[in-house]
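J.: Okay, so here is work-v3.json, and as you'll see once you scroll down, it has JSON, C-alpha atoms and all ligand atoms.
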[["chain", "number", "residue", "atom", "x", "y", "z"],
["K", 1, "MET", "CA", -46.80, 5.32, 6.83],
["K", 2, "ARG", "CA", -46.98, 8.51, 8.82],
["K", 3, "THR", "CA", -45.35, 11.66, 7.51],
["K", 4, "VAL", "CA", -44.26, 14.29, 10.03],
["K", 5, "ALA", "CA", -42.33, 17.52, 9.70],
["K", 6, "THR", "CA", -41.50, 18.42, 13.30],
["K", 7, "ILE", "CA", -38.91, 17.08, 15.71],
["K", 8, "ALA", "CA", -41.57, 16.79, 18.42],
["K", 9, "ASP", "CA", -43.72, 14.55, 16.20],
["K", 10, "VAL", "CA", -40.78, 12.27, 15.37],
["K", 11, "ARG", "CA", -39.99, 11.92, 19.06],
["K", 12, "ALA", "CA", -43.60, 11.06, 19.90],
["K", 13, "GLN", "CA", -43.87, 8.41, 17.15],
["K", 14, "VAL", "CA", -40.51, 6.86, 17.96],
["K", 15, "ALA", "CA", -41.34, 6.77, 21.69],
["K", 16, "ARG", "CA", -44.55, 4.91, 20.89],
["K", 17, "ALA", "CA", -42.73, 2.33, 18.73],
["K", 18, "ARG", "CA", -40.09, 1.86, 21.41],
["K", 19, "ALA", "CA", -42.75, 1.43, 24.10],
["K", 20, "GLY", "CA", -44.14, -1.37, 21.90],
["K", 21, "GLY", "CA", -40.74, -3.07, 22.09],
["K", 22, "GLN", "CA", -39.58, -2.24, 18.56],
["K", 23, "ARG", "CA", -36.01, -1.57, 17.46],
["K", 24, "ILE", "CA", -35.63, 1.64, 15.49],
["K", 25, "ALA", "CA", -33.81, 1.50, 12.13],
["K", 26, "PHE", "CA", -33.07, 4.76, 10.34],
["K", 27, "VAL", "CA", -32.33, 5.70, 6.72],
["K", 28, "PRO", "CA", -31.32, 9.36, 6.26],
["K", 29, "THR", "CA", -31.69, 10.68, 2.69],
["K", 30, "MET", "CA", -31.95, 13.85, 0.66],
["K", 31, "GLY", "CA", -34.86, 12.44, -1.33],
["K", 32, "PHE", "CA", -35.32, 11.94, -5.09],
["K", 33, "LEU", "CA", -35.42, 8.29, -4.11],
["K", 34, "HIS", "CA", -34.09, 5.56, -6.39],
["K", 35, "GLU", "CA", -33.43, 1.83, -5.96],
["K", 36, "GLY", "CA", -30.15, 2.66, -4.18],
["K", 37, "HIS", "CA", -32.06, 4.36, -1.35],
["K", 38, "LEU", "CA", -34.74, 1.68, -1.38],
["K", 39, "ALA", "CA", -32.09, -1.04, -0.96],
["K", 40, "LEU", "CA", -31.06, 0.82, 2.22],
["K", 41, "VAL", "CA", -34.69, 0.59, 3.34],
["K", 42, "ASP", "CA", -34.72, -3.18, 2.69],
["K", 43, "GLU", "CA", -31.57, -3.48, 4.80],
["K", 44, "ALA", "CA", -33.20, -1.36, 7.54],
["K", 45, "HIS", "CA", -36.18, -3.74, 7.59],
["K", 46, "ARG", "CA", -33.79, -6.64, 8.16],
["K", 47, "LEU", "CA", -32.25, -4.77, 11.11],
["K", 48, "GLY", "CA", -35.14, -3.18, 12.98],
["K", 49, "GLY", "CA", -38.89, -3.35, 13.44],
["K", 50, "PHE", "CA", -39.76, 0.33, 13.05],
["K", 51, "VAL", "CA", -38.18, 1.97, 10.01],
["K", 52, "VAL", "CA", -37.76, 5.74, 9.90],
["K", 53, "MET", "CA", -36.64, 7.64, 6.80],
["K", 54, "SER", "CA", -35.73, 11.32, 6.69],
["K", 55, "ILE", "CA", -35.84, 13.41, 3.54],
["K", 56, "PHE", "CA", -34.01, 16.70, 3.94],
["K", 57, "VAL", "CA", -31.88, 18.50, 1.36],
["K", 58, "ASN", "CA", -29.33, 19.77, 3.83],
["K", 59, "PRO", "CA", -28.12, 23.26, 2.86],
["K", 60, "LEU", "CA", -25.09, 22.97, 5.19],
["K", 61, "GLN", "CA", -23.43, 20.33, 3.02],
["K", 62, "PHE", "CA", -23.57, 22.29, -0.24],
["K", 63, "GLY", "CA", -20.79, 24.71, -1.13],
["K", 64, "PRO", "CA", -21.60, 28.18, -2.48],
["K", 65, "THR", "CA", -21.04, 27.06, -6.09],
["K", 66, "GLU", "CA", -22.77, 23.70, -5.73],
["K", 67, "ASP", "CA", -26.16, 22.46, -6.83],
["K", 68, "LEU", "CA", -28.40, 23.14, -3.78],
["K", 69, "ALA", "CA", -31.00, 25.15, -5.72],
["K", 70, "ARG", "CA", -31.20, 22.69, -8.60],
["K", 71, "TYR", "CA", -30.77, 19.52, -6.51],
["K", 72, "PRO", "CA", -33.54, 17.21, -7.82],
["K", 73, "ARG", "CA", -36.66, 17.02, -5.68],
["K", 74, "ASP", "CA", -39.82, 14.89, -5.98],
["K", 75, "PRO", "CA", -41.77, 14.99, -2.68],
["K", 76, "ALA", "CA", -44.90, 13.24, -3.99],
["K", 77, "GLY", "CA", -42.96, 10.51, -5.81],
["K", 78, "ASP", "CA", -40.68, 10.01, -2.79],
["K", 79, "SER", "CA", -43.60, 9.65, -0.44],
["K", 80, "ALA", "CA", -45.23, 7.01, -2.68],
["K", 81, "LYS", "CA", -41.96, 5.06, -3.00],
["K", 82, "ALA", "CA", -41.26, 5.24, 0.75],
["K", 83, "GLU", "CA", -44.77, 4.01, 1.55],
["K", 84, "ARG", "CA", -44.58, 1.15, -0.99],
["K", 85, "ARG", "CA", -41.27, 0.03, 0.53],
["K", 86, "GLY", "CA", -42.80, -0.16, 4.01],
["K", 87, "ILE", "CA", -41.41, 2.95, 5.74],
["K", 88, "HIS", "CA", -43.26, 3.45, 9.03],
["K", 89, "LEU", "CA", -42.31, 7.07, 9.68],
["K", 90, "LEU", "CA", -41.22, 9.63, 7.09],
["K", 91, "PHE", "CA", -39.61, 12.79, 8.50],
["K", 92, "THR", "CA", -39.61, 15.74, 6.08],
["K", 93, "PRO", "CA", -38.48, 18.76, 8.09],
["K", 94, "SER", "CA", -38.13, 22.30, 6.77],
["K", 95, "ALA", "CA", -34.78, 24.09, 6.93],
["K", 96, "ASP", "CA", -36.22, 26.26, 9.75],
["K", 97, "GLU", "CA", -37.14, 23.19, 11.78],
["K", 98, "MET", "CA", -33.61, 21.80, 11.43],
["K", 99, "TYR", "CA", -31.72, 25.08, 11.69],
["K", 100, "PRO", "CA", -33.57, 27.67, 13.75],
["K", 101, "PRO", "CA", -31.71, 30.97, 14.16],
["K", 102, "GLY", "CA", -29.03, 31.13, 16.84],
["K", 103, "ARG", "CA", -27.26, 27.89, 16.00],
["K", 104, "ALA", "CA", -23.83, 27.83, 17.70],
["K", 105, "VAL", "CA", -22.41, 24.32, 17.25],
["K", 106, "THR", "CA", -21.37, 22.26, 14.24],
["K", 107, "VAL", "CA", -19.60, 18.88, 14.02],
["K", 108, "VAL", "CA", -16.28, 19.32, 12.24],
["K", 109, "PRO", "CA", -14.10, 16.31, 11.41],
["K", 110, "ARG", "CA", -10.41, 16.46, 12.32],
["K", 111, "ARG", "CA", -9.22, 13.79, 9.89],
["K", 112, "LEU", "CA", -10.61, 11.65, 7.11],
["K", 113, "ASP", "CA", -11.93, 14.74, 5.33],
["K", 114, "GLU", "CA", -8.61, 16.13, 4.11],
["K", 115, "ARG", "CA", -8.50, 14.11, 0.90],
["K", 116, "TRP", "CA", -10.89, 13.09, -1.87],
["K", 117, "GLU", "CA", -14.38, 14.58, -1.55],
["K", 118, "GLY", "CA", -13.32, 16.59, 1.50],
["K", 119, "ALA", "CA", -10.48, 18.27, -0.41],
["K", 120, "ILE", "CA", -12.66, 19.12, -3.40],
["K", 121, "ARG", "CA", -15.73, 20.16, -1.36],
["K", 122, "PRO", "CA", -14.43, 22.17, 1.63],
["K", 123, "GLY", "CA", -16.90, 22.14, 4.52],
["K", 124, "HIS", "CA", -19.04, 19.42, 2.93],
["K", 125, "PHE", "CA", -18.40, 16.79, 5.58],
["K", 126, "ALA", "CA", -18.90, 19.23, 8.46],
["K", 127, "GLY", "CA", -22.33, 19.87, 6.92],
["K", 128, "VAL", "CA", -23.01, 16.14, 6.59],
["K", 129, "LEU", "CA", -21.84, 15.26, 10.12],
["K", 130, "THR", "CA", -23.77, 18.14, 11.65],
["K", 131, "VAL", "CA", -27.06, 17.11, 10.06],
["K", 132, "VAL", "CA", -26.46, 13.40, 10.69],
["K", 133, "ALA", "CA", -25.64, 14.09, 14.37],
["K", 134, "LYS", "CA", -28.85, 16.13, 14.64],
["K", 135, "LEU", "CA", -30.90, 13.43, 12.91],
["K", 136, "PHE", "CA", -29.44, 10.77, 15.23],
["K", 137, "GLY", "CA", -30.35, 13.00, 18.19],
["K", 138, "ILE", "CA", -33.89, 13.42, 16.89],
["K", 139, "VAL", "CA", -34.63, 9.83, 15.83],
["K", 140, "GLN", "CA", -32.37, 8.06, 18.39],
["K", 141, "PRO", "CA", -32.15, 4.95, 16.24],
["K", 142, "ASP", "CA", -30.62, 1.62, 17.25],
["K", 143, "VAL", "CA", -29.14, 1.30, 13.78],
["K", 144, "ALA", "CA", -28.70, 3.60, 10.77],
["K", 145, "VAL", "CA", -28.03, 2.50, 7.21],
["K", 146, "PHE", "CA", -25.76, 4.35, 4.76],
["K", 147, "GLY", "CA", -24.80, 3.56, 1.17],
["K", 148, "GLN", "CA", -21.36, 2.35, 0.15],
["K", 149, "LYS", "CA", -21.39, 4.72, -2.83],
["K", 150, "ASP", "CA", -20.61, 7.63, -0.49],
["K", 151, "ILE", "CA", -17.91, 5.65, 1.24],
["K", 152, "GLN", "CA", -15.99, 8.63, 2.67],
["K", 153, "GLN", "CA", -19.26, 9.85, 4.19],
["K", 154, "ALA", "CA", -19.96, 6.41, 5.70],
["K", 155, "THR", "CA", -16.40, 6.23, 7.07],
["K", 156, "LEU", "CA", -16.74, 9.67, 8.67],
["K", 157, "VAL", "CA", -20.15, 8.84, 10.16],
["K", 158, "ARG", "CA", -18.66, 5.67, 11.68],
["K", 159, "ALA", "CA", -15.78, 7.75, 13.09],
["K", 160, "MET", "CA", -18.21, 10.31, 14.53],
["K", 161, "VAL", "CA", -20.30, 7.60, 16.23],
["K", 162, "ARG", "CA", -17.12, 6.09, 17.69],
["K", 163, "ASP", "CA", -15.47, 9.37, 18.74],
["K", 164, "LEU", "CA", -18.62, 10.99, 20.18],
["K", 165, "ASP", "CA", -19.80, 7.75, 21.85],
["K", 166, "MET", "CA", -23.14, 7.75, 20.07],
["K", 167, "ASN", "CA", -25.17, 4.72, 21.00],
["K", 168, "LEU", "CA", -26.12, 3.17, 17.67],
["K", 169, "ALA", "CA", -24.78, 0.80, 15.02],
["K", 170, "ILE", "CA", -23.87, 1.96, 11.51],
["K", 171, "VAL", "CA", -24.48, -0.44, 8.64],
["K", 172, "VAL", "CA", -23.11, 0.22, 5.15],
["K", 173, "ALA", "CA", -25.10, -1.36, 2.31],
["K", 174, "PRO", "CA", -23.56, -2.20, -1.10],
["K", 175, "THR", "CA", -23.94, 0.16, -4.05],
["K", 176, "VAL", "CA", -26.84, -0.58, -6.38],
["K", 177, "ARG", "CA", -25.97, -0.38, -10.09],
["K", 178, "GLU", "CA", -27.82, -0.21, -13.38],
["K", 179, "SER", "CA", -27.38, -3.37, -15.48],
["K", 180, "ASP", "CA", -24.58, -1.62, -17.43],
["K", 181, "GLY", "CA", -22.61, -0.83, -14.24],
["K", 182, "LEU", "CA", -23.55, 2.83, -13.59],
["K", 183, "ALA", "CA", -23.86, 3.38, -9.82],
["K", 184, "LEU", "CA", -27.31, 4.75, -8.95],
["K", 185, "SER", "CA", -27.23, 8.40, -7.88],
["K", 186, "SER", "CA", -29.76, 11.21, -7.77],
["K", 187, "ARG", "CA", -27.25, 13.21, -9.81],
["K", 188, "ASN", "CA", -27.53, 10.75, -12.72],
["K", 189, "SER", "CA", -30.73, 12.62, -13.56],
["K", 190, "TYR", "CA", -28.57, 15.55, -14.73],
["K", 191, "LEU", "CA", -26.79, 13.44, -17.37],
["K", 192, "LEU", "CA", -27.64, 13.88, -21.05],
["K", 193, "PRO", "CA", -27.88, 10.54, -22.94],
["K", 194, "ASP", "CA", -24.37, 10.91, -24.38],
["K", 195, "GLU", "CA", -22.96, 11.86, -20.96],
["K", 196, "ARG", "CA", -24.65, 8.88, -19.36],
["K", 197, "ARG", "CA", -22.87, 6.59, -21.84],
["K", 198, "ARG", "CA", -19.53, 8.27, -21.10],
["K", 199, "ALA", "CA", -20.14, 8.03, -17.34],
["K", 200, "LEU", "CA", -19.84, 4.24, -17.61],
["K", 201, "VAL", "CA", -16.08, 4.73, -17.73],
["K", 202, "LEU", "CA", -16.06, 5.20, -13.93],
["K", 203, "SER", "CA", -17.33, 1.69, -13.18],
["K", 204, "ARG", "CA", -15.24, 0.32, -16.07],
["K", 205, "ALA", "CA", -12.10, 1.79, -14.50],
["K", 206, "LEU", "CA", -12.97, 0.25, -11.11],
["K", 207, "ARG", "CA", -13.60, -3.14, -12.70],
["K", 208, "ALA", "CA", -10.34, -2.95, -14.68],
["K", 209, "VAL", "CA", -8.46, -2.37, -11.42],
["K", 210, "GLU", "CA", -10.22, -5.24, -9.71],
["K", 211, "ARG", "CA", -9.37, -7.54, -12.65],
["K", 212, "ALA", "CA", -5.71, -6.47, -12.53],
["K", 213, "TRP", "CA", -5.63, -7.04, -8.76],
["K", 214, "ARG", "CA", -7.20, -10.49, -9.08],
["K", 215, "GLY", "CA", -4.60, -11.17, -11.79],
["K", 216, "GLY", "CA", -1.82, -10.55, -9.26],
["K", 217, "MET", "CA", -1.04, -6.83, -9.53],
["K", 218, "THR", "CA", -0.87, -5.49, -5.96],
["K", 219, "VAL", "CA", 1.26, -2.32, -6.09],
["K", 220, "GLY", "CA", -1.06, 0.62, -5.39],
["K", 221, "ALA", "CA", 0.65, 2.96, -7.88],
["K", 222, "GLU", "CA", 0.43, 0.38, -10.68],
["K", 223, "LEU", "CA", -3.24, -0.27, -10.01],
["K", 224, "THR", "CA", -3.87, 3.48, -9.97],
["K", 225, "ARG", "CA", -2.26, 3.70, -13.42],
["K", 226, "VAL", "CA", -4.65, 0.98, -14.66],
["K", 227, "GLY", "CA", -7.59, 3.05, -13.43],
["K", 228, "ASP", "CA", -6.22, 6.31, -14.86],
["K", 229, "LYS", "CA", -5.60, 4.64, -18.23],
["K", 230, "GLU", "CA", -9.16, 3.35, -18.43],
["K", 231, "LEU", "CA", -10.53, 6.79, -17.47],
["K", 232, "ALA", "CA", -8.44, 8.34, -20.27],
["K", 233, "THR", "CA", -10.40, 6.31, -22.83],
["K", 234, "GLU", "CA", -13.18, 8.91, -22.40],
["K", 235, "PRO", "CA", -11.38, 12.23, -22.88],
["K", 236, "ALA", "CA", -14.61, 14.18, -22.27],
["K", 237, "VAL", "CA", -14.71, 12.78, -18.71],
["K", 238, "ARG", "CA", -12.45, 14.84, -16.44],
["K", 239, "PRO", "CA", -11.22, 12.81, -13.44],
["K", 240, "ASP", "CA", -10.81, 14.51, -10.06],
["K", 241, "TYR", "CA", -9.06, 11.48, -8.56],
["K", 242, "PHE", "CA", -8.56, 7.75, -8.87],
["K", 243, "ALA", "CA", -6.96, 6.13, -5.82],
["K", 244, "LEU", "CA", -6.48, 2.91, -3.88],
["K", 245, "VAL", "CA", -6.97, 3.54, -0.18],
["K", 246, "ASP", "CA", -7.17, 1.68, 3.11],
["K", 247, "PRO", "CA", -10.69, 1.31, 4.53],
["K", 248, "ASP", "CA", -9.96, 2.88, 7.94],
["K", 249, "GLY", "CA", -7.90, 5.99, 7.18],
["K", 250, "LEU", "CA", -8.71, 6.37, 3.47],
["K", 251, "GLU", "CA", -4.98, 6.90, 2.85],
["K", 252, "PRO", "CA", -3.36, 5.66, -0.39],
["K", 253, "VAL", "CA", -1.95, 2.15, 0.00],
["K", 254, "GLY", "CA", 1.47, 0.89, -1.10],
["K", 255, "ARG", "CA", 0.02, -2.58, -1.67],
["K", 256, "ALA", "CA", -3.60, -3.47, -2.26],
["K", 257, "THR", "CA", -5.13, -6.33, -0.27],
["K", 258, "THR", "CA", -8.65, -7.64, 0.30],
["K", 259, "GLY", "CA", -10.68, -4.71, 1.66],
["K", 260, "THR", "CA", -8.62, -2.00, -0.07],
["K", 261, "ILE", "CA", -10.98, 0.51, -1.67],
["K", 262, "ALA", "CA", -10.65, 1.81, -5.23],
["K", 263, "LEU", "CA", -12.11, 5.33, -5.29],
["K", 264, "VAL", "CA", -12.99, 7.46, -8.29],
["K", 265, "ALA", "CA", -14.52, 10.88, -8.88],
["K", 266, "ALA", "CA", -14.93, 12.61, -12.23],
["K", 267, "ARG", "CA", -16.85, 15.35, -13.98],
["K", 268, "VAL", "CA", -19.06, 14.33, -16.86],
["K", 269, "GLY", "CA", -20.22, 17.55, -18.48],
["K", 270, "ALA", "CA", -21.46, 19.71, -15.62],
["K", 271, "THR", "CA", -22.12, 16.71, -13.34],
["K", 272, "ARG", "CA", -19.72, 15.34, -10.73],
["K", 273, "LEU", "CA", -19.97, 11.61, -10.14],
["K", 274, "ILE", "CA", -18.27, 9.38, -7.57],
["K", 275, "ASP", "CA", -17.99, 5.62, -7.33],
["K", 276, "ASN", "CA", -15.91, 3.00, -5.52],
["K", 277, "LEU", "CA", -15.29, -0.70, -5.23],
["K", 278, "ILE", "CA", -13.97, -2.77, -2.31],
["K", 279, "LEU", "CA", -11.39, -5.26, -3.55],
["K", 280, "GLY", "CA", -12.34, -8.86, -2.84],
["K", 281, "ALA", "CA", -15.82, -7.93, -1.56],
["A", 301, "LIG", "O1", -26.09, 10.74, 1.66],
["A", 301, "LIG", "C1", -26.95, 11.64, 1.76],
["A", 301, "LIG", "O2", -27.99, 11.63, 1.08],
["A", 301, "LIG", "C2", -26.71, 12.79, 2.71],
["A", 301, "LIG", "O3", -25.37, 13.17, 2.72],
["A", 301, "LIG", "C3", -27.23, 12.54, 4.14],
["A", 301, "LIG", "C4", -26.49, 11.38, 4.80],
["A", 301, "LIG", "C5", -28.71, 12.24, 4.09],
["A", 301, "LIG", "C6", -27.01, 13.78, 5.00],
["A", 301, "LIG", "O4", -27.66, 14.89, 4.48]]
Take the structure in the file and give it back as structure tokens.
Ligand code: PAF
T.:
Amino acid sequence: MRTVATIADVRAQVARARAGGQRIAFVPTMGFLHEGHLALVDEAHRLGGFVVMSIFVNPLQFGPTEDLARYPRDPAGDSAKAERRGIHLLFTPSADEMYPPGRAVTVVPRRLDERWEGAIRPGHFAGVLTVVAKLFGIVQPDVAVFGQKDIQQATLVRAMVRDLDMNLAIVVAPTVRESDGLALSSRNSYLLPDERRRALVLSRALRAVERAWRGGMTVGAELTRVGDKELATEPAVRPDYFALVDPDGLEPVGRATTGTIALVAARVGATRLIDNLILGA
């Protein structure tokens, strides 16, 4: 594995791989790698010969009251994990390399960011799309892999690639969970033991909705009530939303069908967690 910190070095390495006839597969991350990220790497290996990972904690996607300063970081551990998982090129730029002074353009979504995470975190998805567009421009991958856990992000990235005619494929890989159901997330590291136990209510609520749907309940509002009721069994967990939405527009559905997404976000102590499940997947 080579580790580089400049855009010029990424371009040189990628050009060499391409000249050797390799397809470029890309996994963008903010580091503090866990099995969820590493599953994206495994998927990238299935899709392309030369696998590039970026690690960059992108200041543009954090709001003024969010956790940028305390976002967990582990550069040495990340590098070891990336190397063990067969990453060919690790890109770890500084904020100055990514955002030199004089920046004039950002990528701002027009739709798909008005609800859910976008409503609660104003400007977040403009920050995500801007950095992802830049990373795509730098790495020029044939395919990029995103996690299903951040499904609104993946949906917006797909929309950006479509609407801005970017020449790459987007693959969304399933969420990796602990054996007790907790979706892997770098933010799980903030949870105290008692909070971690309470956080299981998110995946329990999603599973309860899936069970009800498989049992024949299809009305979106009724399924939402099932999710809300399960969330209420942990009063210390404060839900931001529980919703059943269509996979393209992320709008609430009247009736749930195969492919409808159950979405949840909640605060557990000081930590905000999100999770989702695709019905019938
Ligand atoms: O999902 C993430 O870790 C980030 O939002 C991403 C896609 C790397 C952009 O900073």
J.: Excluding Ala12 (chain K) and any residue of its chain fewer than 4 positions from it, enumerate the residues within 12 Å of it, using all atoms listed in the file, and give them as a list in words.
T.: Arg2, Val4, Thr6, Ile7, Ala8, Arg16, Ala17, Arg18, Ala19, Leu89, Ile138, Val139 and Gln140 of chain K
J.: Got time to write the residues from that selection, C-alpha atoms, as a CSV table (one decimal), in the coordinates of the input?
T.:
chain,number,residue,atom,x,y,z
K,2,ARG,CA,-47.0,8.5,8.8
K,4,VAL,CA,-44.3,14.3,10.0
K,6,THR,CA,-41.5,18.4,13.3
K,7,ILE,CA,-38.9,17.1,15.7
K,8,ALA,CA,-41.6,16.8,18.4
K,16,ARG,CA,-44.6,4.9,20.9
K,17,ALA,CA,-42.7,2.3,18.7
K,18,ARG,CA,-40.1,1.9,21.4
K,19,ALA,CA,-42.8,1.4,24.1
K,89,LEU,CA,-42.3,7.1,9.7
K,138,ILE,CA,-33.9,13.4,16.9
K,139,VAL,CA,-34.6,9.8,15.8
K,140,GLN,CA,-32.4,8.1,18.4
J.: Extract, using only C-alpha atoms, all DNA, RNA and protein residues at most 8 Å from region 235-252 of chain K, discarding same-chain residues fewer than 2 positions from it, and format them as a PyMOL selection string.
T.: chain K and resi 112+116+152+155+198-199+220+223-224+227-228+231-233+254+256+259-269
J.: Using all atoms listed in the file, find each protein or nucleic acid residue lying at most 7 Å from ligand LIG 301 (chain A); present the set as a list in words.
T.: Pro28, Thr29, Met30, Phe56, Val57, Asn58, Val128, Val131, Val132 and Asp150 of chain K
J.: Can I get the selection written as a short mmCIF file (atom, residue, chain, number, x, y, z; two decimals), in the coordinates of the input, with C-alpha atoms?
T.:
data_model
loop_
_atom_site.label_atom_id
_atom_site.label_comp_id
_atom_site.auth_asym_id
_atom_site.auth_seq_id
_atom_site.Cartn_x
_atom_site.Cartn_y
_atom_site.Cartn_z
CA PRO K 28 -31.32 9.36 6.26
CA THR K 29 -31.69 10.68 2.69
CA MET K 30 -31.95 13.85 0.66
CA PHE K 56 -34.01 16.70 3.94
CA VAL K 57 -31.88 18.50 1.36
CA ASN K 58 -29.33 19.77 3.83
CA VAL K 128 -23.01 16.14 6.59
CA VAL K 131 -27.06 17.11 10.06
CA VAL K 132 -26.46 13.40 10.69
CA ASP K 150 -20.61 7.63 -0.49
#
J.: Which of these, K:Gly31, K:Gly63, K:Pro141, K:Gly123, has the shortest distance to Thr106 (chain K) once you count all atoms listed in the file?
T.: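 Of K:Gly31, K:Gly63, K:Pro141, K:Gly123, the one nearest Thr106 (chain K) is K:Gly123, counting all atoms listed in the file.
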J.: For CA of Pro64 (chain K) and CA of Thr271 (chain K), determine how far apart the two atoms are, in Å to one decimal place.
T.: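 CA of Thr271 (chain K) lies at a distance of 15.8 Å from CA of Pro64 (chain K).
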J.: Can you pull out the residues contacting Ile151 (chain K)? Cut-off 9 Å, using only C-alpha atoms, and skip same-chain residues under 6 positions away; I want them as a list in words.
T.: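 Surrounding residues, per the criterion: Val172, Leu263, Asp275 and Asn276 of chain K.
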J.: Rounded to one decimal, what separation in Å do you get between CA of Leu192 (chain K) and CA of Leu68 (chain K)?
T.: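 Computing it gives 19.6 Å between the two atoms.
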J.: With distances taken over only C-alpha atoms, which residue among K:Gly48, K:Gly77, K:Gly181, K:Gly127 lies nearest Asp113 (chain K)?
T.: K:Gly127
J.: Smallest atom-to-atom distance to Ala270 (chain K): which of K:Met1, K:Leu191, K:Ala221, K:Leu202, using only C-alpha atoms?
T.: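 Of all the options, K:Leu191 lies closest to Ala270 (chain K).
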J.: In file coordinates, which residues lie within 12 Å of (-41.4, 24.9, 11.1) using only C-alpha atoms, given as a PyMOL selection string?
T.: chain K and resi 4-9+92-101
J.: Would you mind telling me which residue in K:Arg121, K:His37, K:Arg111, K:Arg85 lies nearest to Leu60 (chain K) when using only C-alpha atoms?
T.: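 Result for the nearest residue to Leu60 (chain K): K:Arg121.
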J.: Which is closest to Arg23 (chain K) among K:Val143, K:Val209, K:Val10, K:Val105, if we use all atoms listed in the file?
T.: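 Smallest separation from Arg23 (chain K) among the options: K:Val143.
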J.: Determine the nearest neighbour of Tyr190 (chain K) from the options K:Ala25, K:Ala44, K:Val107, K:Leu273, counting only C-alpha atoms.
T.: K:Leu273
J.: Rounded to one decimal in Å, what is the spacing between CA of Arg197 (chain K) and CA of Val226 (chain K)?
T.: 20.4 Å
